Amino acid sequence: MKKLLILMLSLSLVLFFGVGNVQAEYDVELTIIGGAVGEEFETTVRAAEMYMEENPNVHVEVLDSPDSADERLSLYLSFFEAESPEVDVYQIDVIWPGELEDHFLDLYEYGAEEYVDMHFEHIVENNTNIDGELIAMPWFTDAGLLYYRKDLLDKYGLDVPETWAELEEYAGIILDGEREHNPDFEGFVWQGSAYEGLTTNVLEWFASNQGGTFISPEGVITVLNERNQEMLEMAAGWVGDISPAGITAFMEEDARAIWHDGNAAFMRNWPYAYSLSLETDAFEPEDFGVAPLPAGEDGEPAATLGGWNVAVSQYSEHPEEAADLAFFLAGWDVQKMRATDASLNPTIPELYEDEDVLEANPFMEELFDVFVNAVPRPSTVTGDNYSAASSIIYTEVHSVLTGEQDALTALEYMELELQDLTGFEIGQP
Amino acid sequence: MDLQKRERRLAYKLMAPAMVVLLVVALYPLGHVFYTSFTDRVFAGARDAQFIGLENYHRLLAVTVEELPPVIDEETGEQQIDEETGKPVYERPIRVLPRQPHAYRELTTFSLFGSRYVLGARTPNFIRAIGNTLYFTIVSVFLETVLGLLIALVVNSEFKGRGLMRATMLVPWAVITVVSARMWEWMFASSRAGFFNMLLDRFGLIDRSIPFLTLRSFQVPAMIAIDVWKTTPFMALLILAGLQMIPQELYEAARVDGAGKIRRFFTITLPLLKPAIAVALVFRTLDALRVFDLFQVLLARSRYSMASFNYYELVANRNMGLSSATGVIIFIIIFIFAIIYMQMLGVEE
């Protein structure tokens with residue numbers, strides 16, 4: 001017994017000092033937490049390796065986080081509530097700077113001036129709070145796109161749809177034809193689960209049908225109007241028709257899985273799906289294309305502005321080094337690597353003229369305007385309340401998609417609750 | 001000082017550390033939740049919280065009943081009839097429910113003595129979460145008890161490979177709930193990639209795949225199915241332990257007296273098993289009332305249990321005050337169940 005005890009003690013001492021030695025190899029240990037949708041995680045790890053090569057005294061660890069933006073926010077918030085120094089650099093959504101500003105450092109204090117000018121101005125503006133502090137460095141930008149199967153459009157003699165009504169019609173035609181030999185075929189896949197992704201989809205429906213952007217930048221609630229009702233009724237009709245009945249539980253990767261197997265004619269998704277679509281066995285690379293999303297009868301196409309930024313935690317034990325890592329991640333080399341390898345859209349305009357980037361992603365040149373003119377969600381005007389506002393929007397819309405409520409009632413409640421939450425005026429777009 | 005007194009003092013001294021630990025790890029957090037439930041504290045927020053009294057509880061539990069006036073057709077002066085369904089038309093609930101000082105939302109509508117009423121609540125999702133959780137708890141615990149008893153009786157009898165049977169039976173219980181929830185999520189998948197849809201399709205029972213986890217009528221039954229699969233072994237184990245406590249002599253004596261198998265089960269097994277079943281029931285019920293993982297993983301924000309509502313209110317909407325009030329209400333509901341059980345089963349004796 002005594003022997004065993006001594007053995008255990010000495011073993012734990014060895015372990016203790018052993019671990020201590022490993023840590024002593026580096027002066028600084030940094031941790032970054034980021035997404036793992038598509039090839040995000042792999043390219044973040046590669047970026048970390050690039051940084052470690054240049055800075056041998058620093059060790060960078062990469063943590064992955066849930067695919068759903070809401071779940072990811074929940075995870076981050078629990079770190080912040082505990083004021084945890086465990087994570088130094090956070091990948092944050094384009095809608096979060098307003099909500100999370102209290103937990104991040106002002107990057108201007110760490111020399112961000114040198115770097116910000118090369119990025120898209122509208123994203124830098126989005127990441128700057130009212131006190132002029134830079135909360136996060138732009139990392140990649142996103143806009144909703146329509147993926148379509150060229151070969152199937154040709155087969156049925158159809159063009160790329162420009163209105164939602166055309167999309168509905170074409171998807172129906174292809175669906176009827178394809179399902180005869182492929183019972184798993186679907187017409188149009190998108191993101192219909194009750195989460196932030198649904199809000200981004202709905203914004204595209206509403207904004208492209210001249211129904212407004214939920215809350216205008218001036219703080220007017222514009223959800224309740226006939227145009228939005230019409231759009232919502234149309235989308236509810238897709239469920240179980242041109243879209244699978246299970247679409248109301250779909251997130252990005254669920255939609256992409258069906259598309260990837262060649263079982264969908266159209267898909268609404270972010271640019272990351274492009275490079276992955278080149279690798280599928282179900283169809284050839286030249287058999288698919290990307291286009292701006294459809295619009296309403298007399299509207300203009302709208303793509304929701306998405307994208308992610310890197311921010312440095314207030315609670316980091318190495319703020320200087322963490323900020324340096326953030327600047328590196330947001331810099332030219334990493335953005336170029338992530339654009340060519342994973343179709344993550346750069347936030348540096350000049351990279352859209354870079355040959356390697358364009359060769360890997362021809363759509364980035366063709367759809368440049370879509371990325372620059374993407375429609376932001378009302379996160380600036382709602383500030384602290386954005387998450388709650390978005391959850392009102394997607395909960396109400398979700399109940400229409402599942403048939404629990406009619407579109408008019410849902411929009412009425414949406415208006416009522418948004419007003420309760422924000423105290424804003426009600427108006428027309 | 002006499003011996004008894006000294007011993008008592010010693011006992012208090014020895015108990016003191018345990019009491020301190022209990023105070024720190026149980027009473028302090030509980031008290032803190034009670035306190036926070038009276039404030040408007042924001043989760044991971046920088047602002048100071050304000051004391052708002054019972055507002056959080058009012059917001060969660062307030063309900064109202066309003067009569068829906070019939071919609072009168074201007075031409076005929078009679079109530080309008082819906083052309084499609086042939087039912088009389090009433091005013092829409094959203095027009096009738098109060099908006100000031102607090103907005104109420106429709107929970108359900110019902111008819112009574114020829115009038116139509118709407119039941120409204122300030123937070124219908126929480127009232128529904130209570131309903132979902134009670135439904136889940138009652139059905140799942142009932143099924144688990146019945147199936148657990150059957151399985152326990154089987155593995156209690158003598159047969160070859162009994163030890164192996166008892167061990168393998170525990171596998172579902174050993175799987176981490178989140179893992180088994182994901183596994184079942186794939187089996188319930190809304191396309192033919194899902195096991196159940198594949199099976200139904202193979203037998204030609206369906207034309208289109210059924211989206212089990214998004215169809216409202218399937219959601220809670222699906223959760224119940226998973227929970228029964230997972231927890232029945234635990235129930236069986238507890239009941240098995242009770243079965244083994246029953247002395248064999250009783251059965252032998254009963255057999256000598258000519259009692260049949262069924263008679264023996266109802267006069268010997270069941271009465272003597274009562275304490276074991278009682279313990280198992282209390283365990284499972286209190287556990288089921290706190291169900292979180294299944295609902296959070298599989299249904300996320302499309303349908304809530306009390307605990308998952310609490311979670312989303314805290315980490316997604318960042319209402320720490322409101323979610324603390326939710327926690328207190330869950331605590332009270334579980335407490336009531338515990339008292340009912342103690343009364344009914346006489347556990348304290």
# chains A, B, ... in the order shown; residues from 1 in each chain; ligands from 1

$ interface_residues --of "chain B" --to "chain A" --cutoff "9 Å" --atoms "only C-alpha atoms" --output "JSON list (two decimals) with all heavy atoms, in the first residue's frame"
[["chain", "number", "residue", "atom", "x", "y", "z"],
["B", 43, "PHE", "N", -27.13, 38.85, -18.70],
["B", 43, "PHE", "CA", -26.05, 37.86, -18.67],
["B", 43, "PHE", "C", -24.82, 38.40, -19.40],
["B", 43, "PHE", "O", -24.93, 38.87, -20.53],
["B", 43, "PHE", "CB", -26.53, 36.58, -19.32],
["B", 43, "PHE", "CG", -25.53, 35.46, -19.31],
["B", 43, "PHE", "CD1", -25.04, 34.97, -18.12],
["B", 43, "PHE", "CD2", -25.09, 34.90, -20.50],
["B", 43, "PHE", "CE1", -24.13, 33.93, -18.10],
["B", 43, "PHE", "CE2", -24.17, 33.87, -20.49],
["B", 43, "PHE", "CZ", -23.70, 33.38, -19.29],
["B", 44, "ALA", "N", -23.65, 38.32, -18.76],
["B", 44, "ALA", "CA", -22.41, 38.82, -19.33],
["B", 44, "ALA", "C", -22.56, 40.28, -19.78],
["B", 44, "ALA", "O", -22.07, 40.68, -20.82],
["B", 44, "ALA", "CB", -21.93, 37.96, -20.50],
["B", 45, "GLY", "N", -23.29, 41.06, -18.99],
["B", 45, "GLY", "CA", -23.48, 42.46, -19.33],
["B", 45, "GLY", "C", -22.67, 43.36, -18.41],
["B", 45, "GLY", "O", -22.23, 42.94, -17.34],
["B", 46, "ALA", "N", -22.48, 44.58, -18.82],
["B", 46, "ALA", "CA", -21.65, 45.48, -18.03],
["B", 46, "ALA", "C", -22.50, 46.41, -17.15],
["B", 46, "ALA", "O", -21.98, 47.01, -16.22],
["B", 46, "ALA", "CB", -20.78, 46.32, -18.97],
["B", 92, "ARG", "N", -60.14, 37.99, -34.54],
["B", 92, "ARG", "CA", -58.84, 37.34, -34.34],
["B", 92, "ARG", "C", -58.28, 37.69, -32.96],
["B", 92, "ARG", "O", -58.36, 38.85, -32.54],
["B", 92, "ARG", "CB", -57.86, 37.77, -35.44],
["B", 92, "ARG", "CG", -58.32, 37.22, -36.80],
["B", 92, "ARG", "CD", -57.53, 37.77, -37.94],
["B", 92, "ARG", "NE", -56.11, 37.61, -37.73],
["B", 92, "ARG", "CZ", -55.23, 38.60, -37.86],
["B", 92, "ARG", "NH1", -55.64, 39.80, -38.16],
["B", 92, "ARG", "NH2", -53.96, 38.37, -37.69],
["B", 94, "ILE", "N", -55.44, 38.34, -31.70],
["B", 94, "ILE", "CA", -54.47, 39.43, -31.54],
["B", 94, "ILE", "C", -55.17, 40.78, -31.40],
["B", 94, "ILE", "O", -54.66, 41.70, -30.79],
["B", 94, "ILE", "CB", -53.46, 39.44, -32.72],
["B", 94, "ILE", "CG1", -52.34, 40.43, -32.45],
["B", 94, "ILE", "CG2", -54.15, 39.74, -34.03],
["B", 94, "ILE", "CD1", -51.18, 40.34, -33.40],
["B", 99, "ARG", "N", -52.95, 44.86, -24.87],
["B", 99, "ARG", "CA", -51.57, 45.23, -25.24],
["B", 99, "ARG", "C", -50.94, 46.11, -24.18],
["B", 99, "ARG", "O", -49.73, 46.21, -24.09],
["B", 99, "ARG", "CB", -51.57, 45.99, -26.56],
["B", 99, "ARG", "CG", -51.96, 45.13, -27.73],
["B", 99, "ARG", "CD", -51.58, 45.81, -29.04],
["B", 99, "ARG", "NE", -51.87, 44.93, -30.14],
["B", 99, "ARG", "CZ", -51.40, 45.13, -31.37],
["B", 99, "ARG", "NH1", -50.65, 46.17, -31.63],
["B", 99, "ARG", "NH2", -51.68, 44.30, -32.33],
["B", 102, "HIS", "N", -49.17, 45.41, -20.54],
["B", 102, "HIS", "CA", -48.32, 44.34, -21.03],
["B", 102, "HIS", "C", -49.02, 43.66, -22.19],
["B", 102, "HIS", "O", -50.23, 43.54, -22.18],
["B", 102, "HIS", "CB", -48.07, 43.30, -19.94],
["B", 102, "HIS", "CG", -47.49, 43.87, -18.69],
["B", 102, "HIS", "ND1", -46.25, 44.46, -18.66],
["B", 102, "HIS", "CD2", -47.99, 43.98, -17.44],
["B", 102, "HIS", "CE1", -46.03, 44.90, -17.44],
["B", 102, "HIS", "NE2", -47.06, 44.63, -16.68],
["B", 103, "ALA", "N", -48.22, 43.21, -23.17],
["B", 103, "ALA", "CA", -48.81, 42.53, -24.31],
["B", 103, "ALA", "C", -49.00, 41.06, -23.98],
["B", 103, "ALA", "O", -48.12, 40.41, -23.42],
["B", 103, "ALA", "CB", -47.90, 42.68, -25.52],
["B", 105, "ARG", "N", -50.13, 37.20, -25.53],
["B", 105, "ARG", "CA", -50.18, 36.46, -26.79],
["B", 105, "ARG", "C", -51.09, 35.26, -26.66],
["B", 105, "ARG", "O", -51.30, 34.75, -25.57],
["B", 105, "ARG", "CB", -48.78, 35.97, -27.15],
["B", 105, "ARG", "CG", -47.77, 37.08, -27.26],
["B", 105, "ARG", "CD", -46.65, 36.65, -28.10],
["B", 105, "ARG", "NE", -47.17, 35.93, -29.28],
["B", 105, "ARG", "CZ", -46.43, 35.58, -30.29],
["B", 105, "ARG", "NH1", -45.16, 35.84, -30.29],
["B", 105, "ARG", "NH2", -46.96, 34.94, -31.31],
["B", 189, "ALA", "N", -33.93, 11.39, -39.13],
["B", 189, "ALA", "CA", -33.66, 12.38, -40.17],
["B", 189, "ALA", "C", -34.83, 12.48, -41.15],
["B", 189, "ALA", "O", -35.55, 11.51, -41.40],
["B", 189, "ALA", "CB", -32.38, 12.02, -40.92],
["B", 190, "SER", "N", -35.00, 13.68, -41.72],
["B", 190, "SER", "CA", -36.20, 13.94, -42.50],
["B", 190, "SER", "C", -36.10, 13.42, -43.94],
["B", 190, "SER", "O", -37.00, 13.62, -44.73],
["B", 190, "SER", "CB", -36.49, 15.44, -42.51],
["B", 190, "SER", "OG", -35.39, 16.13, -43.05],
["B", 191, "SER", "N", -34.98, 12.79, -44.29],
["B", 191, "SER", "CA", -34.90, 12.20, -45.64],
["B", 191, "SER", "C", -34.73, 10.68, -45.50],
["B", 191, "SER", "O", -34.72, 10.17, -44.39],
["B", 191, "SER", "CB", -33.71, 12.79, -46.39],
["B", 191, "SER", "OG", -32.52, 12.35, -45.79],
["B", 192, "ARG", "N", -34.54, 10.02, -46.62],
["B", 192, "ARG", "CA", -34.39, 8.57, -46.54],
["B", 192, "ARG", "C", -33.05, 8.15, -45.97],
["B", 192, "ARG", "O", -32.78, 6.96, -45.80],
["B", 192, "ARG", "CB", -34.59, 7.94, -47.93],
["B", 192, "ARG", "CG", -36.06, 7.95, -48.34],
["B", 192, "ARG", "CD", -36.26, 7.06, -49.52],
["B", 192, "ARG", "NE", -35.28, 7.37, -50.57],
["B", 192, "ARG", "CZ", -34.99, 6.55, -51.56],
["B", 192, "ARG", "NH1", -35.57, 5.40, -51.64],
["B", 192, "ARG", "NH2", -34.11, 6.91, -52.47],
["B", 208, "ARG", "N", -43.75, 10.38, -49.27],
["B", 208, "ARG", "CA", -42.69, 11.35, -48.99],
["B", 208, "ARG", "C", -42.18, 11.09, -47.59],
["B", 208, "ARG", "O", -42.91, 10.63, -46.73],
["B", 208, "ARG", "CB", -43.25, 12.79, -49.05],
["B", 208, "ARG", "CG", -43.63, 13.31, -50.42],
["B", 208, "ARG", "CD", -42.43, 13.55, -51.34],
["B", 208, "ARG", "NE", -41.40, 14.41, -50.77],
["B", 208, "ARG", "CZ", -41.34, 15.72, -50.98],
["B", 208, "ARG", "NH1", -42.25, 16.32, -51.69],
["B", 208, "ARG", "NH2", -40.34, 16.42, -50.47],
["B", 209, "SER", "N", -40.90, 11.44, -47.36],
["B", 209, "SER", "CA", -40.33, 11.23, -46.04],
["B", 209, "SER", "C", -41.04, 12.08, -45.00],
["B", 209, "SER", "O", -41.52, 13.17, -45.29],
["B", 209, "SER", "CB", -38.85, 11.59, -46.06],
["B", 209, "SER", "OG", -38.16, 10.73, -46.93],
["B", 210, "ILE", "N", -41.09, 11.58, -43.77],
["B", 210, "ILE", "CA", -41.74, 12.31, -42.68],
["B", 210, "ILE", "C", -40.67, 13.08, -41.88],
["B", 210, "ILE", "O", -39.70, 12.48, -41.43],
["B", 210, "ILE", "CB", -42.47, 11.34, -41.72],
["B", 210, "ILE", "CG1", -43.51, 10.52, -42.50],
["B", 210, "ILE", "CG2", -43.12, 12.11, -40.58],
["B", 210, "ILE", "CD1", -44.12, 9.41, -41.68],
["B", 211, "PRO", "N", -40.84, 14.38, -41.73],
["B", 211, "PRO", "CA", -39.87, 15.13, -40.91],
["B", 211, "PRO", "C", -40.23, 15.02, -39.43],
["B", 211, "PRO", "O", -40.81, 15.93, -38.85],
["B", 211, "PRO", "CB", -40.04, 16.57, -41.42],
["B", 211, "PRO", "CG", -41.44, 16.64, -41.92],
["B", 211, "PRO", "CD", -41.84, 15.26, -42.34],
["B", 212, "PHE", "N", -39.85, 13.90, -38.81],
["B", 212, "PHE", "CA", -40.29, 13.61, -37.44],
["B", 212, "PHE", "C", -40.03, 14.76, -36.47],
["B", 212, "PHE", "O", -40.85, 15.09, -35.63],
["B", 212, "PHE", "CB", -39.58, 12.37, -36.91],
["B", 212, "PHE", "CG", -39.98, 11.11, -37.61],
["B", 212, "PHE", "CD1", -39.17, 10.57, -38.59],
["B", 212, "PHE", "CD2", -41.16, 10.48, -37.29],
["B", 212, "PHE", "CE1", -39.54, 9.41, -39.25],
["B", 212, "PHE", "CE2", -41.53, 9.31, -37.94],
["B", 212, "PHE", "CZ", -40.72, 8.78, -38.93],
["B", 213, "LEU", "N", -38.84, 15.34, -36.57],
["B", 213, "LEU", "CA", -38.44, 16.29, -35.53],
["B", 213, "LEU", "C", -38.99, 17.69, -35.76],
["B", 213, "LEU", "O", -38.81, 18.56, -34.92],
["B", 213, "LEU", "CB", -36.92, 16.33, -35.41],
["B", 213, "LEU", "CG", -36.32, 15.02, -34.90],
["B", 213, "LEU", "CD1", -34.81, 15.06, -34.91],
["B", 213, "LEU", "CD2", -36.82, 14.70, -33.51],
["B", 214, "THR", "N", -39.63, 17.93, -36.91],
["B", 214, "THR", "CA", -40.22, 19.26, -37.08],
["B", 214, "THR", "C", -41.74, 19.21, -37.08],
["B", 214, "THR", "O", -42.38, 20.23, -37.00],
["B", 214, "THR", "CB", -39.74, 19.93, -38.39],
["B", 214, "THR", "OG1", -39.97, 19.03, -39.47],
["B", 214, "THR", "CG2", -38.27, 20.26, -38.33],
["B", 215, "LEU", "N", -42.30, 18.01, -37.17],
["B", 215, "LEU", "CA", -43.76, 17.90, -37.06],
["B", 215, "LEU", "C", -44.14, 18.02, -35.60],
["B", 215, "LEU", "O", -43.70, 17.23, -34.77],
["B", 215, "LEU", "CB", -44.22, 16.54, -37.59],
["B", 215, "LEU", "CG", -44.57, 16.43, -39.06],
["B", 215, "LEU", "CD1", -45.15, 15.06, -39.34],
["B", 215, "LEU", "CD2", -45.53, 17.51, -39.49],
["B", 216, "ARG", "N", -45.00, 18.98, -35.29],
["B", 216, "ARG", "CA", -45.28, 19.24, -33.88],
["B", 216, "ARG", "C", -45.83, 18.02, -33.15],
["B", 216, "ARG", "O", -45.49, 17.77, -32.00],
["B", 216, "ARG", "CB", -46.24, 20.42, -33.74],
["B", 216, "ARG", "CG", -45.53, 21.73, -33.99],
["B", 216, "ARG", "CD", -46.37, 22.90, -33.54],
["B", 216, "ARG", "NE", -46.29, 23.14, -32.10],
["B", 216, "ARG", "CZ", -45.24, 23.65, -31.50],
["B", 216, "ARG", "NH1", -44.16, 23.94, -32.19],
["B", 216, "ARG", "NH2", -45.24, 23.87, -30.20],
["B", 299, "LEU", "N", -34.43, 19.59, -30.53],
["B", 299, "LEU", "CA", -35.48, 20.53, -30.91],
["B", 299, "LEU", "C", -35.03, 21.98, -30.81],
["B", 299, "LEU", "O", -35.69, 22.87, -31.35],
["B", 299, "LEU", "CB", -36.72, 20.31, -30.04],
["B", 299, "LEU", "CG", -37.30, 18.90, -30.10],
["B", 299, "LEU", "CD1", -38.50, 18.78, -29.19],
["B", 299, "LEU", "CD2", -37.71, 18.56, -31.52],
["B", 300, "ALA", "N", -33.92, 22.22, -30.14],
["B", 300, "ALA", "CA", -33.37, 23.57, -30.01],
["B", 300, "ALA", "C", -34.48, 24.58, -29.73],
["B", 300, "ALA", "O", -35.17, 24.45, -28.73],
["B", 300, "ALA", "CB", -32.57, 23.95, -31.25],
["B", 301, "ARG", "N", -34.67, 25.55, -30.61],
["B", 301, "ARG", "CA", -35.64, 26.59, -30.28],
["B", 301, "ARG", "C", -36.99, 26.38, -30.94],
["B", 301, "ARG", "O", -37.81, 27.29, -30.99],
["B", 301, "ARG", "CB", -35.07, 27.95, -30.67],
["B", 301, "ARG", "CG", -33.73, 28.19, -30.01],
["B", 301, "ARG", "CD", -33.38, 29.63, -29.96],
["B", 301, "ARG", "NE", -34.27, 30.35, -29.07],
["B", 301, "ARG", "CZ", -34.07, 31.60, -28.69],
["B", 301, "ARG", "NH1", -33.02, 32.25, -29.13],
["B", 301, "ARG", "NH2", -34.90, 32.20, -27.89],
["B", 302, "SER", "N", -37.22, 25.19, -31.49],
["B", 302, "SER", "CA", -38.54, 24.99, -32.08],
["B", 302, "SER", "C", -39.53, 24.50, -31.04],
["B", 302, "SER", "O", -40.73, 24.64, -31.22],
["B", 302, "SER", "CB", -38.46, 24.04, -33.27],
["B", 302, "SER", "OG", -38.11, 22.76, -32.86],
["B", 312, "TYR", "N", -32.13, 28.98, -23.00],
["B", 312, "TYR", "CA", -32.13, 29.94, -24.10],
["B", 312, "TYR", "C", -32.43, 31.35, -23.62],
["B", 312, "TYR", "O", -31.93, 32.33, -24.17],
["B", 312, "TYR", "CB", -33.12, 29.51, -25.19],
["B", 312, "TYR", "CG", -32.58, 28.38, -26.03],
["B", 312, "TYR", "CD1", -33.12, 27.12, -25.98],
["B", 312, "TYR", "CD2", -31.47, 28.59, -26.84],
["B", 312, "TYR", "CE1", -32.60, 26.08, -26.72],
["B", 312, "TYR", "CE2", -30.93, 27.56, -27.58],
["B", 312, "TYR", "CZ", -31.50, 26.31, -27.52],
["B", 312, "TYR", "OH", -30.97, 25.29, -28.26],
["B", 314, "LEU", "N", -31.43, 32.50, -20.89],
["B", 314, "LEU", "CA", -30.18, 32.99, -20.29],
["B", 314, "LEU", "C", -29.12, 33.30, -21.33],
["B", 314, "LEU", "O", -28.64, 34.43, -21.42],
["B", 314, "LEU", "CB", -29.63, 31.95, -19.31],
["B", 314, "LEU", "CG", -28.29, 32.33, -18.67],
["B", 314, "LEU", "CD1", -28.46, 33.49, -17.70],
["B", 314, "LEU", "CD2", -27.66, 31.16, -17.94],
["B", 315, "VAL", "N", -28.77, 32.30, -22.16],
["B", 315, "VAL", "CA", -27.59, 32.49, -23.00],
["B", 315, "VAL", "C", -27.91, 33.10, -24.36],
["B", 315, "VAL", "O", -27.02, 33.68, -24.97],
["B", 315, "VAL", "CB", -26.79, 31.20, -23.19],
["B", 315, "VAL", "CG1", -26.23, 30.72, -21.89],
["B", 315, "VAL", "CG2", -27.65, 30.15, -23.83],
["B", 316, "ALA", "N", -29.14, 32.98, -24.84],
["B", 316, "ALA", "CA", -29.43, 33.58, -26.14],
["B", 316, "ALA", "C", -30.03, 34.97, -25.96],
["B", 316, "ALA", "O", -29.60, 35.92, -26.60],
["B", 316, "ALA", "CB", -30.36, 32.68, -26.94],
["B", 317, "ASN", "N", -31.04, 35.09, -25.10],
["B", 317, "ASN", "CA", -31.66, 36.39, -24.91],
["B", 317, "ASN", "C", -30.99, 37.19, -23.78],
["B", 317, "ASN", "O", -31.33, 38.34, -23.55],
["B", 317, "ASN", "CB", -33.15, 36.24, -24.63],
["B", 317, "ASN", "CG", -33.89, 35.69, -25.84],
["B", 317, "ASN", "OD1", -33.30, 35.57, -26.92],
["B", 317, "ASN", "ND2", -35.14, 35.37, -25.67],
["B", 318, "ARG", "N", -30.12, 36.58, -23.07],
["B", 318, "ARG", "CA", -29.29, 37.21, -22.04],
["B", 318, "ARG", "C", -30.10, 37.79, -20.88],
["B", 318, "ARG", "O", -29.64, 38.67, -20.18],
["B", 318, "ARG", "CB", -28.41, 38.31, -22.67],
["B", 318, "ARG", "CG", -27.49, 37.73, -23.72],
["B", 318, "ARG", "CD", -26.64, 38.78, -24.38],
["B", 318, "ARG", "NE", -25.63, 39.32, -23.49],
["B", 318, "ARG", "CZ", -24.76, 40.25, -23.85],
["B", 318, "ARG", "NH1", -24.78, 40.72, -25.06],
["B", 318, "ARG", "NH2", -23.88, 40.71, -23.02]]

$ residues_around --residues "Arg303 (chain B)" --least-positions-apart "2" --cutoff "9 Å" --atoms "only C-alpha atoms" --output "list in words"
Asn125, Arg128, Ala129, Asn132, Arg216, Gln219, Val220, Phe295, Gln296, Leu299, Ala300, Arg301, Ser305, Ser308 and Phe309 of chain B

$ write_last_selection --atoms "C-alpha atoms" --output "mmCIF file, in the first residue's frame"
data_model
loop_
_atom_site.group_PDB
_atom_site.id
_atom_site.type_symbol
_atom_site.label_atom_id
_atom_site.label_comp_id
_atom_site.auth_asym_id
_atom_site.auth_seq_id
_atom_site.Cartn_x
_atom_site.Cartn_y
_atom_site.Cartn_z
ATOM 1 C CA ASN B 125 -43.560 29.645 -24.725
ATOM 2 C CA ARG B 128 -46.096 25.571 -23.261
ATOM 3 C CA ALA B 129 -42.700 24.464 -21.931
ATOM 4 C CA ASN B 132 -44.360 19.820 -22.755
ATOM 5 C CA ARG B 216 -45.280 19.237 -33.880
ATOM 6 C CA GLN B 219 -41.754 16.130 -31.413
ATOM 7 C CA VAL B 220 -42.520 15.237 -27.803
ATOM 8 C CA PHE B 295 -34.765 19.041 -26.073
ATOM 9 C CA GLN B 296 -31.728 21.250 -26.529
ATOM 10 C CA LEU B 299 -35.479 20.531 -30.909
ATOM 11 C CA ALA B 300 -33.365 23.572 -30.015
ATOM 12 C CA ARG B 301 -35.636 26.590 -30.279
ATOM 13 C CA SER B 305 -38.774 21.937 -22.077
ATOM 14 C CA SER B 308 -34.157 24.365 -22.253
ATOM 15 C CA PHE B 309 -36.403 27.456 -22.130
#

$ select_by_dssp --residues "region 46-260 of chain B" --states "alpha helix (DSSP H)" --output "PyMOL selection string"
chain B and resi 55-61+93-96+124-156+162-168+171-174+177-187+195-202+216-245+248-256

$ residues_around --residues "region 27-32 of chain B" --least-positions-apart "5" --cutoff "10 Å" --atoms "only C-alpha atoms" --output "PyMOL selection string"
chain B and resi 20-22+37+324+327-328+331

$ write_last_selection --atoms "all heavy atoms" --output "compact mmCIF listing (two decimals), in the first residue's frame"
# COMPACT_ATOMS: atom_id res chain seq x y z
N VAL B 20 -21.02 23.66 6.57
CA VAL B 20 -20.41 24.80 5.87
C VAL B 20 -20.33 24.51 4.38
O VAL B 20 -20.72 25.35 3.55
CB VAL B 20 -19.00 25.10 6.44
CG1 VAL B 20 -18.29 26.12 5.56
CG2 VAL B 20 -19.12 25.62 7.87
N VAL B 21 -19.89 23.30 4.05
CA VAL B 21 -19.80 22.93 2.63
C VAL B 21 -21.18 23.02 1.98
O VAL B 21 -21.36 23.58 0.90
CB VAL B 21 -19.22 21.50 2.48
CG1 VAL B 21 -19.36 21.02 1.04
CG2 VAL B 21 -17.77 21.49 2.90
N LEU B 22 -22.19 22.51 2.68
CA LEU B 22 -23.55 22.54 2.16
C LEU B 22 -24.02 23.97 1.94
O LEU B 22 -24.64 24.29 0.92
CB LEU B 22 -24.49 21.82 3.15
CG LEU B 22 -25.71 21.18 2.52
CD1 LEU B 22 -25.32 20.08 1.57
CD2 LEU B 22 -26.65 20.67 3.60
N SER B 37 -33.54 36.61 -9.42
CA SER B 37 -34.85 36.52 -10.08
C SER B 37 -35.70 37.77 -9.83
O SER B 37 -36.70 37.97 -10.48
CB SER B 37 -35.58 35.26 -9.63
OG SER B 37 -36.02 35.41 -8.30
N SER B 324 -33.47 33.32 -14.10
CA SER B 324 -33.39 32.93 -12.69
C SER B 324 -34.79 32.65 -12.15
O SER B 324 -35.00 31.68 -11.41
CB SER B 324 -32.74 34.02 -11.86
OG SER B 324 -31.41 34.22 -12.26
N GLY B 327 -35.78 29.37 -13.23
CA GLY B 327 -35.13 28.36 -12.39
C GLY B 327 -35.88 28.17 -11.09
O GLY B 327 -36.08 27.03 -10.63
N VAL B 328 -36.31 29.27 -10.49
CA VAL B 328 -37.03 29.17 -9.22
C VAL B 328 -38.36 28.44 -9.41
O VAL B 328 -38.73 27.58 -8.61
CB VAL B 328 -37.27 30.59 -8.63
CG1 VAL B 328 -38.19 30.52 -7.43
CG2 VAL B 328 -35.94 31.22 -8.25
N PHE B 331 -37.75 24.83 -9.75
CA PHE B 331 -37.43 24.33 -8.42
C PHE B 331 -38.71 24.06 -7.64
O PHE B 331 -38.89 23.00 -7.03
CB PHE B 331 -36.56 25.36 -7.71
CG PHE B 331 -36.23 25.04 -6.28
CD1 PHE B 331 -35.25 24.13 -5.97
CD2 PHE B 331 -36.92 25.68 -5.25
CE1 PHE B 331 -34.95 23.83 -4.65
CE2 PHE B 331 -36.64 25.39 -3.93
CZ PHE B 331 -35.65 24.47 -3.62

$ closest_residue --among "A:Val370, A:Ala282, A:Leu203, A:Met137" --to "Glu114 (chain A)" --atoms "only C-alpha atoms"
A:Met137

$ residues_around --residues "region 303-315 of chain A" --least-positions-apart "3" --cutoff "7 Å" --atoms "only C-alpha atoms" --output "VMD selection string"
chain A and resid 83 to 85 88 to 94 103 to 105 135 to 145 200 203 to 204 293 322 to 323 326 370 374 to 376
